[in-house]
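Asks: Input structure: run.pdb, which contains PDB, C-alpha atoms, pLDDT in the B column.
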```pdb
ATOM      1  CA  MET A   1     -32.864  -5.220   8.187  1.00 57.00           C
ATOM      2  CA  VAL A   2     -33.174  -7.993   5.636  1.00 59.00           C
ATOM      3  CA  GLY A   3     -30.160 -10.268   5.762  1.00 78.00           C
ATOM      4  CA  SER A   4     -28.630  -8.614   8.839  1.00 86.00           C
ATOM      5  CA  LYS A   5     -28.832 -11.872  10.796  1.00 84.00           C
ATOM      6  CA  ASP A   6     -27.073 -13.710   7.943  1.00 86.00           C
ATOM      7  CA  HIS A   7     -24.441 -10.985   7.838  1.00 82.00           C
ATOM      8  CA  LEU A   8     -23.901 -11.207  11.602  1.00 83.00           C
ATOM      9  CA  GLN A   9     -23.627 -14.995  11.443  1.00 85.00           C
ATOM     10  CA  SER A  10     -21.089 -14.732   8.637  1.00 85.00           C
ATOM     11  CA  MET A  11     -19.024 -12.152  10.515  1.00 81.00           C
ATOM     12  CA  LEU A  12     -19.033 -14.176  13.727  1.00 80.00           C
ATOM     13  CA  ALA A  13     -18.030 -17.366  11.936  1.00 81.00           C
ATOM     14  CA  GLY A  14     -15.183 -15.577  10.157  1.00 79.00           C
ATOM     15  CA  GLU A  15     -13.900 -13.843  13.268  1.00 76.00           C
ATOM     16  CA  SER A  16     -14.288 -16.617  15.830  1.00 75.00           C
ATOM     17  CA  ARG A  17     -10.873 -18.252  15.439  1.00 72.00           C
ATOM     18  CA  ALA A  18      -8.960 -14.977  15.370  1.00 77.00           C
ATOM     19  CA  TYR A  19     -11.009 -13.784  18.347  1.00 75.00           C
ATOM     20  CA  GLY A  20     -10.055 -16.787  20.458  1.00 76.00           C
ATOM     21  CA  PHE A  21      -6.440 -16.584  19.310  1.00 76.00           C
ATOM     22  CA  THR A  22      -6.295 -12.910  20.286  1.00 81.00           C
ATOM     23  CA  ILE A  23      -7.790 -13.596  23.717  1.00 81.00           C
ATOM     24  CA  ALA A  24      -5.244 -16.376  24.318  1.00 82.00           C
ATOM     25  CA  PHE A  25      -2.335 -14.095  23.401  1.00 86.00           C
ATOM     26  CA  TRP A  26      -3.570 -11.040  25.288  1.00 87.00           C
ATOM     27  CA  GLY A  27      -4.389 -13.152  28.327  1.00 85.00           C
ATOM     28  CA  SER A  28      -0.989 -14.843  28.288  1.00 89.00           C
ATOM     29  CA  GLY A  29       0.730 -11.496  27.791  1.00 88.00           C
ATOM     30  CA  ALA A  30      -1.196  -9.995  30.690  1.00 90.00           C
ATOM     31  CA  LEU A  31      -0.142 -12.886  32.942  1.00 91.00           C
ATOM     32  CA  LEU A  32       3.513 -12.461  31.922  1.00 93.00           C
ATOM     33  CA  ILE A  33       3.346  -8.702  32.544  1.00 95.00           C
ATOM     34  CA  ASN A  34       1.705  -9.275  35.916  1.00 94.00           C
ATOM     35  CA  GLU A  35       4.473 -11.677  36.916  1.00 95.00           C
ATOM     36  CA  PHE A  36       7.549 -10.016  35.382  1.00 95.00           C
ATOM     37  CA  GLY A  37       6.530  -6.409  34.728  1.00 96.00           C
ATOM     38  CA  ALA A  38       6.390  -4.691  31.375  1.00 95.00           C
ATOM     39  CA  PRO A  39       8.801  -6.359  28.957  1.00 95.00           C
ATOM     40  CA  ASP A  40      11.637  -4.538  27.267  1.00 95.00           C
ATOM     41  CA  ILE A  41      12.109  -4.906  23.508  1.00 95.00           C
ATOM     42  CA  TRP A  42      14.102  -8.142  23.884  1.00 96.00           C
ATOM     43  CA  LEU A  43      11.446  -9.856  25.992  1.00 96.00           C
ATOM     44  CA  ALA A  44       8.689  -8.618  23.664  1.00 94.00           C
ATOM     45  CA  LEU A  45      10.641  -9.940  20.667  1.00 94.00           C
ATOM     46  CA  SER A  46      11.231 -13.217  22.525  1.00 95.00           C
ATOM     47  CA  PHE A  47       7.476 -13.626  23.050  1.00 94.00           C
ATOM     48  CA  GLY A  48       6.833 -12.668  19.420  1.00 92.00           C
ATOM     49  CA  PHE A  49       9.531 -15.008  18.114  1.00 92.00           C
ATOM     50  CA  GLY A  50       8.066 -17.825  20.215  1.00 92.00           C
ATOM     51  CA  ALA A  51       4.661 -17.145  18.689  1.00 90.00           C
ATOM     52  CA  VAL A  52       6.075 -17.142  15.149  1.00 87.00           C
ATOM     53  CA  LEU A  53       8.093 -20.289  15.872  1.00 90.00           C
ATOM     54  CA  GLY A  54       5.018 -22.081  17.260  1.00 88.00           C
ATOM     55  CA  PHE A  55       2.966 -21.076  14.236  1.00 84.00           C
ATOM     56  CA  GLY A  56       5.765 -22.205  11.921  1.00 83.00           C
ATOM     57  CA  VAL A  57       5.997 -25.627  13.582  1.00 86.00           C
ATOM     58  CA  LEU A  58       2.238 -26.094  13.221  1.00 84.00           C
ATOM     59  CA  ALA A  59       2.250 -24.895   9.605  1.00 79.00           C
ATOM     60  CA  LEU A  60       5.101 -27.225   8.656  1.00 79.00           C
ATOM     61  CA  SER A  61       3.353 -30.150  10.362  1.00 81.00           C
ATOM     62  CA  ALA A  62      -0.059 -29.422   8.870  1.00 77.00           C
ATOM     63  CA  PHE A  63       1.108 -28.884   5.309  1.00 71.00           C
ATOM     64  CA  ARG A  64       3.662 -31.674   5.102  1.00 72.00           C
ATOM     65  CA  GLY A  65       2.600 -34.037   2.345  1.00 62.00           C
ATOM     66  CA  ASP A  66       3.618 -35.829  -0.793  1.00 52.00           C
ATOM     67  CA  ARG A  67       6.426 -34.536  -2.989  1.00 53.00           C
ATOM     68  CA  ALA A  68       4.160 -33.517  -5.866  1.00 49.00           C
ATOM     69  CA  GLN A  69       2.647 -30.765  -3.766  1.00 58.00           C
ATOM     70  CA  SER A  70       5.777 -29.891  -1.774  1.00 61.00           C
ATOM     71  CA  SER A  71       6.652 -26.623  -3.548  1.00 61.00           C
ATOM     72  CA  ASP A  72       3.082 -25.330  -3.318  1.00 66.00           C
ATOM     73  CA  GLN A  73       2.994 -26.321   0.347  1.00 67.00           C
ATOM     74  CA  ALA A  74       6.337 -24.597   0.932  1.00 65.00           C
ATOM     75  CA  LEU A  75       4.857 -21.416  -0.541  1.00 68.00           C
ATOM     76  CA  LEU A  76       1.814 -21.707   1.705  1.00 66.00           C
ATOM     77  CA  VAL A  77       3.902 -22.314   4.838  1.00 70.00           C
ATOM     78  CA  LEU A  78       6.394 -19.540   4.080  1.00 68.00           C
ATOM     79  CA  SER A  79       3.661 -17.046   3.271  1.00 69.00           C
ATOM     80  CA  THR A  80       1.627 -17.773   6.423  1.00 72.00           C
ATOM     81  CA  VAL A  81       4.443 -17.610   8.978  1.00 76.00           C
ATOM     82  CA  HIS A  82       4.706 -13.854   9.484  1.00 80.00           C
ATOM     83  CA  TYR A  83       8.317 -13.649  10.665  1.00 83.00           C
ATOM     84  CA  LEU A  84       8.928 -10.092   9.426  1.00 86.00           C
ATOM     85  CA  SER A  85       5.457  -8.576   9.666  1.00 87.00           C
ATOM     86  CA  SER A  86       4.960  -9.792  13.244  1.00 87.00           C
ATOM     87  CA  LEU A  87       8.329  -8.857  14.699  1.00 90.00           C
ATOM     88  CA  LEU A  88       9.522  -5.698  12.946  1.00 93.00           C
ATOM     89  CA  PRO A  89       6.542  -3.574  14.065  1.00 92.00           C
ATOM     90  CA  MET A  90       7.657  -4.255  17.655  1.00 93.00           C
ATOM     91  CA  VAL A  91      11.110  -2.917  16.815  1.00 94.00           C
ATOM     92  CA  ILE A  92       9.604   0.223  15.257  1.00 95.00           C
ATOM     93  CA  THR A  93       7.351   0.729  18.289  1.00 94.00           C
ATOM     94  CA  SER A  94      10.378   0.386  20.575  1.00 94.00           C
ATOM     95  CA  ILE A  95      12.225   3.013  18.543  1.00 95.00           C
ATOM     96  CA  LEU A  96       9.232   5.357  18.681  1.00 95.00           C
ATOM     97  CA  ILE A  97       9.122   4.977  22.468  1.00 94.00           C
ATOM     98  CA  ARG A  98      12.832   5.789  22.766  1.00 94.00           C
ATOM     99  CA  ILE A  99      12.449   8.949  20.673  1.00 95.00           C
ATOM    100  CA  ASP A 100      10.531  10.353  23.661  1.00 90.00           C
ATOM    101  CA  LEU A 101       7.676  11.992  21.789  1.00 94.00           C
ATOM    102  CA  PRO A 102       4.472  12.948  23.595  1.00 95.00           C
ATOM    103  CA  ALA A 103       2.481   9.827  24.548  1.00 94.00           C
ATOM    104  CA  ALA A 104      -0.463  10.604  22.244  1.00 95.00           C
ATOM    105  CA  LEU A 105       1.843  11.039  19.244  1.00 96.00           C
ATOM    106  CA  THR A 106       3.803   7.884  20.123  1.00 95.00           C
ATOM    107  CA  PHE A 107       0.586   5.848  20.330  1.00 95.00           C
ATOM    108  CA  LEU A 108      -0.667   7.345  17.043  1.00 95.00           C
ATOM    109  CA  LEU A 109       2.584   6.645  15.184  1.00 96.00           C
ATOM    110  CA  ALA A 110       2.925   3.172  16.710  1.00 94.00           C
ATOM    111  CA  GLY A 111      -0.612   2.212  15.713  1.00 92.00           C
ATOM    112  CA  MET A 112      -0.091   3.572  12.229  1.00 94.00           C
ATOM    113  CA  SER A 113       3.289   1.877  11.802  1.00 93.00           C
ATOM    114  CA  VAL A 114       1.980  -1.486  13.018  1.00 91.00           C
ATOM    115  CA  SER A 115      -0.848  -1.370  10.486  1.00 90.00           C
ATOM    116  CA  LEU A 116       1.388  -0.232   7.639  1.00 93.00           C
ATOM    117  CA  MET A 117       4.343  -2.469   8.467  1.00 90.00           C
ATOM    118  CA  TYR A 118       2.276  -5.596   9.081  1.00 87.00           C
ATOM    119  CA  ASN A 119       0.486  -5.339   5.757  1.00 86.00           C
ATOM    120  CA  LEU A 120       3.446  -4.183   3.649  1.00 90.00           C
ATOM    121  CA  LEU A 121       5.795  -6.738   5.186  1.00 89.00           C
ATOM    122  CA  SER A 122       3.186  -9.456   4.610  1.00 85.00           C
ATOM    123  CA  ILE A 123       3.409  -8.608   0.909  1.00 85.00           C
ATOM    124  CA  LEU A 124       7.216  -8.815   1.101  1.00 87.00           C
ATOM    125  CA  GLU A 125       6.963 -12.192   2.862  1.00 84.00           C
ATOM    126  CA  GLU A 126       4.680 -13.439   0.087  1.00 83.00           C
ATOM    127  CA  THR A 127       7.209 -12.290  -2.525  1.00 84.00           C
ATOM    128  CA  ILE A 128      10.068 -13.995  -0.658  1.00 83.00           C
ATOM    129  CA  ALA A 129       8.006 -17.186  -0.367  1.00 80.00           C
ATOM    130  CA  GLU A 130       7.294 -17.160  -4.113  1.00 81.00           C
ATOM    131  CA  LYS A 131      10.990 -16.699  -4.937  1.00 82.00           C
ATOM    132  CA  ILE A 132      11.991 -19.542  -2.628  1.00 79.00           C
ATOM    133  CA  THR A 133       9.254 -21.760  -4.057  1.00 76.00           C
ATOM    134  CA  ASN A 134      10.443 -21.031  -7.609  1.00 79.00           C
ATOM    135  CA  ILE A 135      13.964 -22.052  -6.589  1.00 79.00           C
ATOM    136  CA  LEU A 136      12.612 -25.319  -5.129  1.00 71.00           C
ATOM    137  CA  ARG A 137      10.766 -26.158  -8.350  1.00 71.00           C
TER     138      ARG A 137
END
```
Represent the structure from my file as structure tokens, please.

Replies:
Amino acid sequence: MVGSKDHLQSMLAGESRAYGFTIAFWGSGALLINEFGAPDIWLALSFGFGAVLGFGVLALSAFRGDRAQSSDQALLVLSTVHYLSSLLPMVITSILIRIDLPAALTFLLAGMSVSLMYNLLSILEETIAEKITNILR
């Protein structure tokens, strides 16, 4: 097992921020569900939109700088705020639930659509960000 400790250290360092972020979101979601019950699509989208909005505010604040770098920073901010890839999978999952398929099939299709939609829409968001950045230049 030569290098396995180095590999583990590398994995843990790379995953630590996302791990904490995920725990914060799942924990907060669990508390909301405990208090208000399972959310409908509008409440789920509200939570998701709040998350995207919070991330966007932080990204704009963190990457605000001098004018020479403003278009590159705009690209970075626009490409990191996942407004489509975070929210549209929830809409698709809601639609799958309403179709009234068997639970196992609904879970399978929802998991698959989240993975596909998140990644494909992230590419679309990157393309949109590049087009907007080119307009700003």

Asks: Residues within 10 Å of stretch 30-45 of chain A, please, as a list in words. Count all atoms listed in the file; anything in the same chain fewer than 5 positions from it doesn't count.

Replies: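 The residues that qualify are Ala24, Phe25, Gly50, Ala51, Ser86, Leu87, Leu88, Met90, Val91, Thr93, Ser94 and Ile95 of chain A.
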
Asks: Work out how far atom CA of A:Arg64 is from atom CA of A:Glu125, in Å to one decimal.

Replies: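 Atom CA of A:Arg64 lies at a distance of 19.9 Å from atom CA of A:Glu125.
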
Asks: Which of these residues is nearest to A:Phe49, using all atoms listed in the file: A:Arg137, A:His82, A:Arg17, A:Lys5?

Replies: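 Of A:Arg137, A:His82, A:Arg17, A:Lys5, the one nearest A:Phe49 is A:His82, counting all atoms listed in the file.
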
Asks: State, in Å with one decimal place, the distance from atom CA of A:Leu53 to atom CA of A:Ser122.

Replies: 16.4 Å

Asks: Find the distance between atom CA of A:Ser85 and atom CA of A:Met117 and write it in Å to one decimal.

Replies: 6.3 Å

Asks: Starting from the shown file, work through the PyMOL selection byres ((chain A and resi 59) around 9) and note down what comes out as a count of residues only.

Replies: 15

Asks: Extending 6 Å beyond the listed atoms of stretch 126-137 of chain A on each side, what axis-aligned box results? I want centre and edge lengths in Å to one decimal, as AutoDock Vina command-line options.

Replies:
```
--center_x 9.3 --center_y -19.2 --center_z -4.1 --size_x 21.3 --size_y 25.9 --size_z 20.4
```
